[in-house]
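Structure file work.txt (compact mmCIF, N, CA, C and O atoms) follows.
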# COMPACT_ATOMS: atom_id res chain seq x y z
N MET T 1 -31.87 -60.40 52.87
CA MET T 1 -31.06 -59.25 53.08
C MET T 1 -31.09 -58.40 51.80
O MET T 1 -30.85 -58.92 50.71
N LYS T 2 -31.40 -57.16 51.93
CA LYS T 2 -31.39 -56.24 50.79
C LYS T 2 -29.95 -56.00 50.34
O LYS T 2 -29.05 -55.92 51.16
N THR T 3 -29.77 -55.91 49.03
CA THR T 3 -28.43 -55.73 48.47
C THR T 3 -28.53 -55.07 47.10
O THR T 3 -29.61 -54.94 46.54
N ARG T 4 -27.41 -54.70 46.56
CA ARG T 4 -27.32 -54.21 45.17
C ARG T 4 -26.08 -54.80 44.52
O ARG T 4 -25.32 -54.12 43.84
N LEU T 5 -25.88 -56.07 44.72
CA LEU T 5 -24.73 -56.77 44.16
C LEU T 5 -24.95 -57.10 42.68
O LEU T 5 -26.08 -57.32 42.26
N THR T 6 -23.86 -57.18 41.94
CA THR T 6 -23.94 -57.64 40.56
C THR T 6 -24.02 -59.15 40.55
O THR T 6 -23.28 -59.82 41.26
N ALA T 7 -24.93 -59.68 39.75
CA ALA T 7 -25.09 -61.12 39.60
C ALA T 7 -24.91 -61.47 38.13
O ALA T 7 -25.13 -60.64 37.24
N CYS T 8 -24.51 -62.69 37.87
CA CYS T 8 -24.44 -63.20 36.51
C CYS T 8 -25.41 -64.37 36.42
O CYS T 8 -25.36 -65.29 37.23
N ILE T 9 -26.31 -64.30 35.44
CA ILE T 9 -27.32 -65.33 35.24
C ILE T 9 -26.94 -66.10 33.99
O ILE T 9 -26.73 -65.51 32.92
N ARG T 10 -26.87 -67.40 34.12
CA ARG T 10 -26.45 -68.26 33.01
C ARG T 10 -27.58 -69.25 32.73
O ARG T 10 -28.13 -69.86 33.64
N GLN T 11 -27.92 -69.36 31.44
CA GLN T 11 -28.96 -70.31 31.02
C GLN T 11 -28.47 -71.01 29.75
O GLN T 11 -27.93 -70.36 28.85
N ALA T 12 -28.67 -72.31 29.69
CA ALA T 12 -28.23 -73.08 28.54
C ALA T 12 -28.81 -72.50 27.25
O ALA T 12 -29.99 -72.15 27.19
N GLY T 13 -27.97 -72.37 26.23
CA GLY T 13 -28.41 -71.90 24.93
C GLY T 13 -28.56 -70.39 24.81
O GLY T 13 -29.06 -69.89 23.81
N ALA T 14 -28.12 -69.63 25.83
CA ALA T 14 -28.24 -68.16 25.79
C ALA T 14 -26.96 -67.54 26.33
O ALA T 14 -26.19 -68.18 27.04
N ASP T 15 -26.75 -66.27 25.99
CA ASP T 15 -25.61 -65.53 26.52
C ASP T 15 -25.81 -65.26 28.00
O ASP T 15 -26.94 -65.15 28.47
N ASP T 16 -24.70 -65.14 28.74
CA ASP T 16 -24.79 -64.77 30.14
C ASP T 16 -25.41 -63.39 30.26
O ASP T 16 -25.20 -62.53 29.40
N GLU T 17 -26.16 -63.17 31.32
CA GLU T 17 -26.84 -61.90 31.57
C GLU T 17 -26.35 -61.32 32.88
O GLU T 17 -26.43 -61.99 33.93
N LEU T 18 -25.82 -60.10 32.85
CA LEU T 18 -25.47 -59.41 34.09
C LEU T 18 -26.74 -58.77 34.63
O LEU T 18 -27.53 -58.19 33.87
N ALA T 19 -26.94 -58.87 35.93
CA ALA T 19 -28.16 -58.40 36.56
C ALA T 19 -27.83 -57.75 37.90
O ALA T 19 -26.72 -57.89 38.41
N VAL T 20 -28.81 -57.07 38.47
CA VAL T 20 -28.67 -56.48 39.80
C VAL T 20 -29.45 -57.35 40.78
O VAL T 20 -30.66 -57.54 40.61
N CYS T 21 -28.77 -57.85 41.78
CA CYS T 21 -29.41 -58.65 42.82
C CYS T 21 -30.01 -57.68 43.84
O CYS T 21 -29.30 -56.86 44.41
N GLU T 22 -31.33 -57.75 44.04
CA GLU T 22 -32.02 -56.85 44.97
C GLU T 22 -32.01 -57.37 46.39
O GLU T 22 -31.92 -56.61 47.34
N ASP T 23 -32.20 -58.66 46.54
CA ASP T 23 -32.12 -59.27 47.86
C ASP T 23 -31.68 -60.71 47.72
O ASP T 23 -31.81 -61.32 46.67
N ILE T 24 -31.13 -61.23 48.82
CA ILE T 24 -30.56 -62.57 48.80
C ILE T 24 -30.81 -63.22 50.16
O ILE T 24 -30.81 -62.53 51.18
N SER T 25 -31.04 -64.52 50.14
CA SER T 25 -31.27 -65.27 51.37
C SER T 25 -30.65 -66.65 51.21
O SER T 25 -30.21 -67.01 50.11
N PRO T 26 -30.65 -67.46 52.25
CA PRO T 26 -30.10 -68.81 52.12
C PRO T 26 -30.88 -69.71 51.15
O PRO T 26 -30.36 -70.71 50.69
N ILE T 27 -32.13 -69.34 50.82
CA ILE T 27 -32.93 -70.21 49.94
C ILE T 27 -33.10 -69.67 48.52
O ILE T 27 -33.59 -70.38 47.66
N GLY T 28 -32.70 -68.42 48.26
CA GLY T 28 -32.85 -67.87 46.92
C GLY T 28 -32.48 -66.41 46.85
O GLY T 28 -31.89 -65.85 47.77
N MET T 29 -32.85 -65.80 45.74
CA MET T 29 -32.54 -64.39 45.52
C MET T 29 -33.54 -63.77 44.57
O MET T 29 -34.27 -64.47 43.86
N CYS T 30 -33.58 -62.44 44.57
CA CYS T 30 -34.42 -61.67 43.65
C CYS T 30 -33.48 -60.79 42.85
O CYS T 30 -32.57 -60.17 43.41
N PHE T 31 -33.66 -60.75 41.52
CA PHE T 31 -32.79 -59.92 40.69
C PHE T 31 -33.60 -59.22 39.61
O PHE T 31 -34.69 -59.64 39.25
N ARG T 32 -33.03 -58.11 39.10
CA ARG T 32 -33.60 -57.37 37.97
C ARG T 32 -32.69 -57.56 36.78
O ARG T 32 -31.47 -57.52 36.92
N SER T 33 -33.30 -57.73 35.59
CA SER T 33 -32.49 -57.86 34.38
C SER T 33 -33.26 -57.33 33.18
O SER T 33 -34.47 -57.09 33.26
N LYS T 34 -32.55 -57.17 32.08
CA LYS T 34 -33.16 -56.70 30.83
C LYS T 34 -33.94 -57.81 30.15
O LYS T 34 -34.82 -57.55 29.35
N ARG T 35 -33.59 -59.05 30.45
CA ARG T 35 -34.21 -60.20 29.80
C ARG T 35 -35.26 -60.82 30.72
O ARG T 35 -35.07 -60.90 31.92
N ARG T 36 -36.34 -61.27 30.11
CA ARG T 36 -37.36 -61.99 30.87
C ARG T 36 -37.03 -63.48 30.87
O ARG T 36 -36.78 -64.07 29.82
N PHE T 37 -37.01 -64.07 32.03
CA PHE T 37 -36.84 -65.50 32.19
C PHE T 37 -38.19 -66.09 32.56
O PHE T 37 -38.90 -65.53 33.40
N ASP T 38 -38.57 -67.19 31.95
CA ASP T 38 -39.86 -67.82 32.22
C ASP T 38 -39.88 -68.47 33.59
O ASP T 38 -38.86 -69.00 34.05
N ALA T 39 -41.05 -68.43 34.23
CA ALA T 39 -41.22 -69.13 35.50
C ALA T 39 -40.92 -70.61 35.31
O ALA T 39 -41.24 -71.19 34.27
N ASP T 40 -40.27 -71.19 36.25
CA ASP T 40 -39.87 -72.59 36.30
C ASP T 40 -38.63 -72.89 35.45
O ASP T 40 -38.22 -74.04 35.34
N ALA T 41 -38.02 -71.87 34.85
CA ALA T 41 -36.81 -72.07 34.06
C ALA T 41 -35.63 -72.39 34.96
O ALA T 41 -35.51 -71.85 36.07
N SER T 42 -34.75 -73.27 34.51
CA SER T 42 -33.52 -73.59 35.24
C SER T 42 -32.42 -72.63 34.80
O SER T 42 -32.23 -72.39 33.61
N ILE T 43 -31.71 -72.09 35.78
CA ILE T 43 -30.60 -71.17 35.53
C ILE T 43 -29.46 -71.52 36.48
O ILE T 43 -29.63 -72.32 37.40
N ASP T 44 -28.32 -70.89 36.26
CA ASP T 44 -27.21 -70.91 37.20
C ASP T 44 -26.90 -69.46 37.53
O ASP T 44 -26.94 -68.59 36.65
N VAL T 45 -26.63 -69.18 38.81
CA VAL T 45 -26.38 -67.80 39.25
C VAL T 45 -25.06 -67.70 40.01
O VAL T 45 -24.70 -68.60 40.74
N ALA T 46 -24.36 -66.60 39.78
CA ALA T 46 -23.17 -66.26 40.55
C ALA T 46 -23.39 -64.88 41.13
O ALA T 46 -23.64 -63.92 40.39
N VAL T 47 -23.37 -64.79 42.45
CA VAL T 47 -23.54 -63.51 43.13
C VAL T 47 -22.75 -63.54 44.43
O VAL T 47 -22.85 -64.52 45.16
N PRO T 48 -21.89 -62.60 44.69
CA PRO T 48 -21.51 -61.49 43.81
C PRO T 48 -20.69 -62.00 42.62
O PRO T 48 -20.01 -63.02 42.72
N TYR T 49 -20.77 -61.26 41.53
CA TYR T 49 -20.08 -61.63 40.30
C TYR T 49 -19.01 -60.59 40.00
O TYR T 49 -19.25 -59.38 40.13
N ALA T 50 -17.83 -61.04 39.60
CA ALA T 50 -16.75 -60.15 39.16
C ALA T 50 -16.15 -60.74 37.89
O ALA T 50 -15.75 -61.91 37.88
N ALA T 51 -16.09 -59.96 36.85
CA ALA T 51 -15.62 -60.43 35.54
C ALA T 51 -14.18 -60.93 35.59
O ALA T 51 -13.81 -61.82 34.83
N ASP T 52 -13.36 -60.38 36.46
CA ASP T 52 -11.93 -60.73 36.49
C ASP T 52 -11.59 -61.72 37.61
O ASP T 52 -10.44 -61.83 38.00
N SER T 53 -12.59 -62.45 38.10
CA SER T 53 -12.37 -63.39 39.20
C SER T 53 -12.95 -64.76 38.87
O SER T 53 -13.75 -64.89 37.96
N ALA T 54 -12.58 -65.73 39.68
CA ALA T 54 -13.25 -67.03 39.60
C ALA T 54 -14.59 -66.88 40.31
O ALA T 54 -14.65 -66.35 41.41
N ASN T 55 -15.66 -67.28 39.66
CA ASN T 55 -17.00 -67.15 40.22
C ASN T 55 -17.60 -68.53 40.43
O ASN T 55 -17.34 -69.45 39.66
N ILE T 56 -18.40 -68.66 41.45
CA ILE T 56 -19.08 -69.92 41.74
C ILE T 56 -20.53 -69.78 41.32
O ILE T 56 -21.25 -68.91 41.82
N PHE T 57 -20.96 -70.63 40.39
CA PHE T 57 -22.34 -70.62 39.91
C PHE T 57 -23.13 -71.70 40.64
O PHE T 57 -22.69 -72.83 40.76
N LEU T 58 -24.30 -71.32 41.14
CA LEU T 58 -25.20 -72.24 41.82
C LEU T 58 -26.43 -72.47 40.97
O LEU T 58 -26.94 -71.54 40.34
N PRO T 59 -26.95 -73.69 40.95
CA PRO T 59 -28.18 -73.95 40.20
C PRO T 59 -29.37 -73.31 40.92
O PRO T 59 -29.43 -73.29 42.15
N ALA T 60 -30.30 -72.78 40.13
CA ALA T 60 -31.50 -72.15 40.69
C ALA T 60 -32.65 -72.34 39.71
O ALA T 60 -32.46 -72.75 38.57
N ARG T 61 -33.83 -72.01 40.19
CA ARG T 61 -35.05 -72.10 39.37
C ARG T 61 -35.81 -70.80 39.53
O ARG T 61 -35.94 -70.26 40.64
N ILE T 62 -36.31 -70.27 38.42
CA ILE T 62 -37.12 -69.05 38.45
C ILE T 62 -38.49 -69.40 39.05
O ILE T 62 -39.17 -70.31 38.59
N ILE T 63 -38.86 -68.66 40.09
CA ILE T 63 -40.15 -68.86 40.75
C ILE T 63 -41.20 -67.92 40.16
O ILE T 63 -42.34 -68.29 39.94
N TYR T 64 -40.81 -66.67 39.94
CA TYR T 64 -41.74 -65.71 39.33
C TYR T 64 -40.97 -64.71 38.49
O TYR T 64 -39.76 -64.52 38.65
N SER T 65 -41.68 -64.09 37.58
CA SER T 65 -41.13 -63.06 36.71
C SER T 65 -42.17 -61.97 36.56
O SER T 65 -43.32 -62.26 36.25
N GLU T 66 -41.78 -60.72 36.81
CA GLU T 66 -42.72 -59.62 36.65
C GLU T 66 -42.07 -58.48 35.87
O GLU T 66 -40.90 -58.20 36.04
N GLU T 67 -42.86 -57.87 35.01
CA GLU T 67 -42.37 -56.75 34.20
C GLU T 67 -42.34 -55.48 35.03
O GLU T 67 -43.24 -55.24 35.84
N MET T 68 -41.30 -54.67 34.82
CA MET T 68 -41.18 -53.35 35.43
C MET T 68 -41.17 -52.35 34.27
O MET T 68 -40.12 -51.89 33.84
N PRO T 69 -42.37 -52.04 33.71
CA PRO T 69 -42.43 -51.27 32.46
C PRO T 69 -41.74 -49.91 32.50
O PRO T 69 -41.09 -49.52 31.53
N LYS T 70 -41.84 -49.20 33.61
CA LYS T 70 -41.22 -47.86 33.67
C LYS T 70 -39.71 -47.94 33.58
O LYS T 70 -39.07 -47.04 33.07
N ALA T 71 -39.13 -49.03 34.10
CA ALA T 71 -37.67 -49.19 34.08
C ALA T 71 -37.19 -49.96 32.85
O ALA T 71 -36.00 -50.00 32.57
N GLY T 72 -38.11 -50.62 32.13
CA GLY T 72 -37.72 -51.44 30.99
C GLY T 72 -36.99 -52.70 31.42
O GLY T 72 -36.14 -53.20 30.68
N LEU T 73 -37.30 -53.18 32.62
CA LEU T 73 -36.63 -54.35 33.18
C LEU T 73 -37.65 -55.39 33.64
O LEU T 73 -38.85 -55.14 33.62
N PHE T 74 -37.13 -56.52 34.08
CA PHE T 74 -37.96 -57.59 34.64
C PHE T 74 -37.39 -57.96 36.01
O PHE T 74 -36.17 -57.99 36.18
N ARG T 75 -38.27 -58.22 36.96
CA ARG T 75 -37.86 -58.67 38.30
C ARG T 75 -38.16 -60.16 38.38
O ARG T 75 -39.23 -60.60 38.01
N HIS T 76 -37.18 -60.91 38.87
CA HIS T 76 -37.31 -62.37 38.97
C HIS T 76 -37.01 -62.83 40.39
O HIS T 76 -36.06 -62.34 41.00
N GLY T 77 -37.78 -63.78 40.85
CA GLY T 77 -37.51 -64.43 42.12
C GLY T 77 -37.02 -65.84 41.83
O GLY T 77 -37.54 -66.51 40.93
N THR T 78 -36.02 -66.30 42.58
CA THR T 78 -35.45 -67.62 42.34
C THR T 78 -35.37 -68.41 43.65
O THR T 78 -35.41 -67.84 44.73
N GLU T 79 -35.25 -69.70 43.50
CA GLU T 79 -34.89 -70.56 44.63
C GLU T 79 -33.70 -71.39 44.19
O GLU T 79 -33.61 -71.82 43.04
N TYR T 80 -32.77 -71.57 45.12
CA TYR T 80 -31.60 -72.39 44.82
C TYR T 80 -32.03 -73.85 44.75
O TYR T 80 -32.97 -74.27 45.40
N ARG T 81 -31.32 -74.63 43.96
CA ARG T 81 -31.61 -76.05 43.80
C ARG T 81 -30.34 -76.85 44.02
O ARG T 81 -29.26 -76.34 43.81
N ARG T 82 -30.51 -78.09 44.33
CA ARG T 82 -29.35 -78.98 44.43
C ARG T 82 -28.97 -79.45 43.04
O ARG T 82 -29.83 -79.77 42.24
N ARG T 83 -27.69 -79.48 42.80
CA ARG T 83 -27.20 -80.03 41.54
C ARG T 83 -27.12 -81.54 41.71
O ARG T 83 -26.53 -82.02 42.65
N THR T 84 -27.72 -82.26 40.78
CA THR T 84 -27.68 -83.73 40.88
C THR T 84 -26.56 -84.25 40.01
O THR T 84 -26.38 -83.83 38.88
N GLY T 85 -25.80 -85.19 40.56
CA GLY T 85 -24.69 -85.81 39.83
C GLY T 85 -25.14 -87.12 39.23
O GLY T 85 -26.31 -87.48 39.26
N ALA T 86 -24.20 -87.85 38.70
CA ALA T 86 -24.50 -89.13 38.07
C ALA T 86 -25.13 -90.13 39.05
O ALA T 86 -25.92 -90.95 38.67
N SER T 87 -24.78 -89.98 40.34
CA SER T 87 -25.33 -90.90 41.34
C SER T 87 -26.67 -90.43 41.88
O SER T 87 -27.27 -91.08 42.71
N GLY T 88 -27.14 -89.24 41.43
CA GLY T 88 -28.42 -88.71 41.87
C GLY T 88 -28.33 -87.96 43.20
O GLY T 88 -29.32 -87.62 43.80
N GLN T 89 -27.12 -87.67 43.65
CA GLN T 89 -26.95 -86.97 44.92
C GLN T 89 -26.49 -85.56 44.70
O GLN T 89 -25.82 -85.21 43.84

structure tokens encoding of this file:
Amino acid sequence: MKTRLTACIRQAGADDELAVCEDISPIGMCFRSKRRFDADASIDVAVPYAADSANIFLPARIIYSEEMPKAGLFRHGTEYRRRTGASGQ
């Protein structure tokens, strides 16, 4: 589904990145951001994101990253992942 929702991208060891979610589906999402994320990187995403609300972050993995030179941005495709607990479930 095409969208223009605000997303928050979280990666260990880095500041949170606000991004624009271009499309979203039950298996993943595509977003644009100022920062390039490497393919296969693990992230957590919250979409829609609101700074003054409780947000739910889901684990995801970057599938692809492409530069958008005219806009000075990067487009990323992700797939959602299951979070594994201590029991491996």

Practice problem: With a distance cut-off of 5 Å and only N, CA, C and O atoms, select the neighbouring residues of T:Met29, excluding the residue or stretch itself and same-chain residues fewer than 5 positions from it, and output the selection as a count of residues only. | Solution: 5

Practice problem: Would you mind telling me which residue in T:Arg4, T:Glu67, T:Ala41, T:Ala46 lies nearest to T:Asp16 when using only C-alpha atoms? | Solution: T:Ala46

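When only C-alpha atoms are used to compute distances to T:Val45, the closest of the residues T:Ile62, T:Leu73, T:Met1, T:Cys8 turns out to be T:Cys8.
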
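The nearest approach to T:Arg75 among the residues T:Ala14, T:Ile27, T:Ala39, T:Val47, with only C-alpha atoms taken into account, belongs to T:Ala39.
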
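With only C-alpha atoms as the atoms that count, the residue of T:Ser25, T:Phe31, T:Pro48, T:Ser42 with the shortest distance to T:Ala60 is T:Ser42.
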
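By chain and then residue number, the residues within 8 Å of T:Arg81 are Leu58, Pro59, Ala60 and Arg61 of chain T, counting only C-alpha atoms and disregarding those fewer than 4 positions away in sequence.
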
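With distances taken over only C-alpha atoms, T:Ala19 is the one residue among T:Arg83, T:Gly13, T:Ala19, T:Ala54 lying closest to T:Arg36.
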
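Among the candidates T:Met68, T:Leu18, T:Ala50, T:Thr6, the residue lying nearest to T:Arg32 is T:Leu18 (atoms considered: all atoms listed in the file).
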
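The two atoms in question, atom CA of T:Tyr49 and atom CA of T:Lys70, are spaced 26.1 Å apart.
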
Could you write out, as a compact mmCIF listing (two decimals) with N, CA, C and O atoms, in the frame of the given file, all the residues of chain T that DSSP marks as strand (DSSP E or B)?
# COMPACT_ATOMS: atom_id res chain seq x y z
N LYS T 2 -31.40 -57.16 51.93
CA LYS T 2 -31.39 -56.24 50.79
C LYS T 2 -29.95 -56.00 50.34
O LYS T 2 -29.05 -55.92 51.16
N THR T 3 -29.77 -55.91 49.03
CA THR T 3 -28.43 -55.73 48.47
C THR T 3 -28.53 -55.07 47.10
O THR T 3 -29.61 -54.94 46.54
N ARG T 4 -27.41 -54.70 46.56
CA ARG T 4 -27.32 -54.21 45.17
C ARG T 4 -26.08 -54.80 44.52
O ARG T 4 -25.32 -54.12 43.84
N LEU T 5 -25.88 -56.07 44.72
CA LEU T 5 -24.73 -56.77 44.16
C LEU T 5 -24.95 -57.10 42.68
O LEU T 5 -26.08 -57.32 42.26
N THR T 6 -23.86 -57.18 41.94
CA THR T 6 -23.94 -57.64 40.56
C THR T 6 -24.02 -59.15 40.55
O THR T 6 -23.28 -59.82 41.26
N ALA T 7 -24.93 -59.68 39.75
CA ALA T 7 -25.09 -61.12 39.60
C ALA T 7 -24.91 -61.47 38.13
O ALA T 7 -25.13 -60.64 37.24
N CYS T 8 -24.51 -62.69 37.87
CA CYS T 8 -24.44 -63.20 36.51
C CYS T 8 -25.41 -64.37 36.42
O CYS T 8 -25.36 -65.29 37.23
N ILE T 9 -26.31 -64.30 35.44
CA ILE T 9 -27.32 -65.33 35.24
C ILE T 9 -26.94 -66.10 33.99
O ILE T 9 -26.73 -65.51 32.92
N ARG T 10 -26.87 -67.40 34.12
CA ARG T 10 -26.45 -68.26 33.01
C ARG T 10 -27.58 -69.25 32.73
O ARG T 10 -28.13 -69.86 33.64
N GLU T 17 -26.16 -63.17 31.32
CA GLU T 17 -26.84 -61.90 31.57
C GLU T 17 -26.35 -61.32 32.88
O GLU T 17 -26.43 -61.99 33.93
N LEU T 18 -25.82 -60.10 32.85
CA LEU T 18 -25.47 -59.41 34.09
C LEU T 18 -26.74 -58.77 34.63
O LEU T 18 -27.53 -58.19 33.87
N ALA T 19 -26.94 -58.87 35.93
CA ALA T 19 -28.16 -58.40 36.56
C ALA T 19 -27.83 -57.75 37.90
O ALA T 19 -26.72 -57.89 38.41
N VAL T 20 -28.81 -57.07 38.47
CA VAL T 20 -28.67 -56.48 39.80
C VAL T 20 -29.45 -57.35 40.78
O VAL T 20 -30.66 -57.54 40.61
N CYS T 21 -28.77 -57.85 41.78
CA CYS T 21 -29.41 -58.65 42.82
C CYS T 21 -30.01 -57.68 43.84
O CYS T 21 -29.30 -56.86 44.41
N GLU T 22 -31.33 -57.75 44.04
CA GLU T 22 -32.02 -56.85 44.97
C GLU T 22 -32.01 -57.37 46.39
O GLU T 22 -31.92 -56.61 47.34
N ASP T 23 -32.20 -58.66 46.54
CA ASP T 23 -32.12 -59.27 47.86
C ASP T 23 -31.68 -60.71 47.72
O ASP T 23 -31.81 -61.32 46.67
N ILE T 24 -31.13 -61.23 48.82
CA ILE T 24 -30.56 -62.57 48.80
C ILE T 24 -30.81 -63.22 50.16
O ILE T 24 -30.81 -62.53 51.18
N SER T 25 -31.04 -64.52 50.14
CA SER T 25 -31.27 -65.27 51.37
C SER T 25 -30.65 -66.65 51.21
O SER T 25 -30.21 -67.01 50.11
N GLY T 28 -32.70 -68.42 48.26
CA GLY T 28 -32.85 -67.87 46.92
C GLY T 28 -32.48 -66.41 46.85
O GLY T 28 -31.89 -65.85 47.77
N MET T 29 -32.85 -65.80 45.74
CA MET T 29 -32.54 -64.39 45.52
C MET T 29 -33.54 -63.77 44.57
O MET T 29 -34.27 -64.47 43.86
N CYS T 30 -33.58 -62.44 44.57
CA CYS T 30 -34.42 -61.67 43.65
C CYS T 30 -33.48 -60.79 42.85
O CYS T 30 -32.57 -60.17 43.41
N PHE T 31 -33.66 -60.75 41.52
CA PHE T 31 -32.79 -59.92 40.69
C PHE T 31 -33.60 -59.22 39.61
O PHE T 31 -34.69 -59.64 39.25
N ARG T 32 -33.03 -58.11 39.10
CA ARG T 32 -33.60 -57.37 37.97
C ARG T 32 -32.69 -57.56 36.78
O ARG T 32 -31.47 -57.52 36.92
N SER T 33 -33.30 -57.73 35.59
CA SER T 33 -32.49 -57.86 34.38
C SER T 33 -33.26 -57.33 33.18
O SER T 33 -34.47 -57.09 33.26
N SER T 42 -34.75 -73.27 34.51
CA SER T 42 -33.52 -73.59 35.24
C SER T 42 -32.42 -72.63 34.80
O SER T 42 -32.23 -72.39 33.61
N ILE T 43 -31.71 -72.09 35.78
CA ILE T 43 -30.60 -71.17 35.53
C ILE T 43 -29.46 -71.52 36.48
O ILE T 43 -29.63 -72.32 37.40
N ASP T 44 -28.32 -70.89 36.26
CA ASP T 44 -27.21 -70.91 37.20
C ASP T 44 -26.90 -69.46 37.53
O ASP T 44 -26.94 -68.59 36.65
N VAL T 45 -26.63 -69.18 38.81
CA VAL T 45 -26.38 -67.80 39.25
C VAL T 45 -25.06 -67.70 40.01
O VAL T 45 -24.70 -68.60 40.74
N ALA T 46 -24.36 -66.60 39.78
CA ALA T 46 -23.17 -66.26 40.55
C ALA T 46 -23.39 -64.88 41.13
O ALA T 46 -23.64 -63.92 40.39
N LEU T 58 -24.30 -71.32 41.14
CA LEU T 58 -25.20 -72.24 41.82
C LEU T 58 -26.43 -72.47 40.97
O LEU T 58 -26.94 -71.54 40.34
N PRO T 59 -26.95 -73.69 40.95
CA PRO T 59 -28.18 -73.95 40.20
C PRO T 59 -29.37 -73.31 40.92
O PRO T 59 -29.43 -73.29 42.15
N ALA T 60 -30.30 -72.78 40.13
CA ALA T 60 -31.50 -72.15 40.69
C ALA T 60 -32.65 -72.34 39.71
O ALA T 60 -32.46 -72.75 38.57
N ARG T 61 -33.83 -72.01 40.19
CA ARG T 61 -35.05 -72.10 39.37
C ARG T 61 -35.81 -70.80 39.53
O ARG T 61 -35.94 -70.26 40.64
N ILE T 62 -36.31 -70.27 38.42
CA ILE T 62 -37.12 -69.05 38.45
C ILE T 62 -38.49 -69.40 39.05
O ILE T 62 -39.17 -70.31 38.59
N ILE T 63 -38.86 -68.66 40.09
CA ILE T 63 -40.15 -68.86 40.75
C ILE T 63 -41.20 -67.92 40.16
O ILE T 63 -42.34 -68.29 39.94
N TYR T 64 -40.81 -66.67 39.94
CA TYR T 64 -41.74 -65.71 39.33
C TYR T 64 -40.97 -64.71 38.49
O TYR T 64 -39.76 -64.52 38.65
N SER T 65 -41.68 -64.09 37.58
CA SER T 65 -41.13 -63.06 36.71
C SER T 65 -42.17 -61.97 36.56
O SER T 65 -43.32 -62.26 36.25
N GLU T 66 -41.78 -60.72 36.81
CA GLU T 66 -42.72 -59.62 36.65
C GLU T 66 -42.07 -58.48 35.87
O GLU T 66 -40.90 -58.20 36.04
N GLU T 67 -42.86 -57.87 35.01
CA GLU T 67 -42.37 -56.75 34.20
C GLU T 67 -42.34 -55.48 35.03
O GLU T 67 -43.24 -55.24 35.84
N MET T 68 -41.30 -54.67 34.82
CA MET T 68 -41.18 -53.35 35.43
C MET T 68 -41.17 -52.35 34.27
O MET T 68 -40.12 -51.89 33.84
N LEU T 73 -37.30 -53.18 32.62
CA LEU T 73 -36.63 -54.35 33.18
C LEU T 73 -37.65 -55.39 33.64
O LEU T 73 -38.85 -55.14 33.62
N PHE T 74 -37.13 -56.52 34.08
CA PHE T 74 -37.96 -57.59 34.64
C PHE T 74 -37.39 -57.96 36.01
O PHE T 74 -36.17 -57.99 36.18
N ARG T 75 -38.27 -58.22 36.96
CA ARG T 75 -37.86 -58.67 38.30
C ARG T 75 -38.16 -60.16 38.38
O ARG T 75 -39.23 -60.60 38.01
N HIS T 76 -37.18 -60.91 38.87
CA HIS T 76 -37.31 -62.37 38.97
C HIS T 76 -37.01 -62.83 40.39
O HIS T 76 -36.06 -62.34 41.00
N GLY T 77 -37.78 -63.78 40.85
CA GLY T 77 -37.51 -64.43 42.12
C GLY T 77 -37.02 -65.84 41.83
O GLY T 77 -37.54 -66.51 40.93
N THR T 78 -36.02 -66.30 42.58
CA THR T 78 -35.45 -67.62 42.34
C THR T 78 -35.37 -68.41 43.65
O THR T 78 -35.41 -67.84 44.73
N GLU T 79 -35.25 -69.70 43.50
CA GLU T 79 -34.89 -70.56 44.63
C GLU T 79 -33.70 -71.39 44.19
O GLU T 79 -33.61 -71.82 43.04
N TYR T 80 -32.77 -71.57 45.12
CA TYR T 80 -31.60 -72.39 44.82
C TYR T 80 -32.03 -73.85 44.75
O TYR T 80 -32.97 -74.27 45.40

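Going from atom CA of T:Lys34 over to atom N of T:Glu79, you cover 18.3 Å.
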
Self-check item: Interatomic distance, atom C of T:Phe37 to atom C of T:Thr3 (Å, one decimal)
Solution: 20.6 Å

Give the padded box for stretch 70-83 of chain T as lines of an AutoDock Vina configuration file: axis-aligned, covering all atoms listed in the file, 6 Å on each side, centre and edge lengths in Å to one decimal.
center_x = -34.2
center_y = -64.5
center_z = 38.0
size_x = 27.3
size_y = 47.0
size_z = 26.7
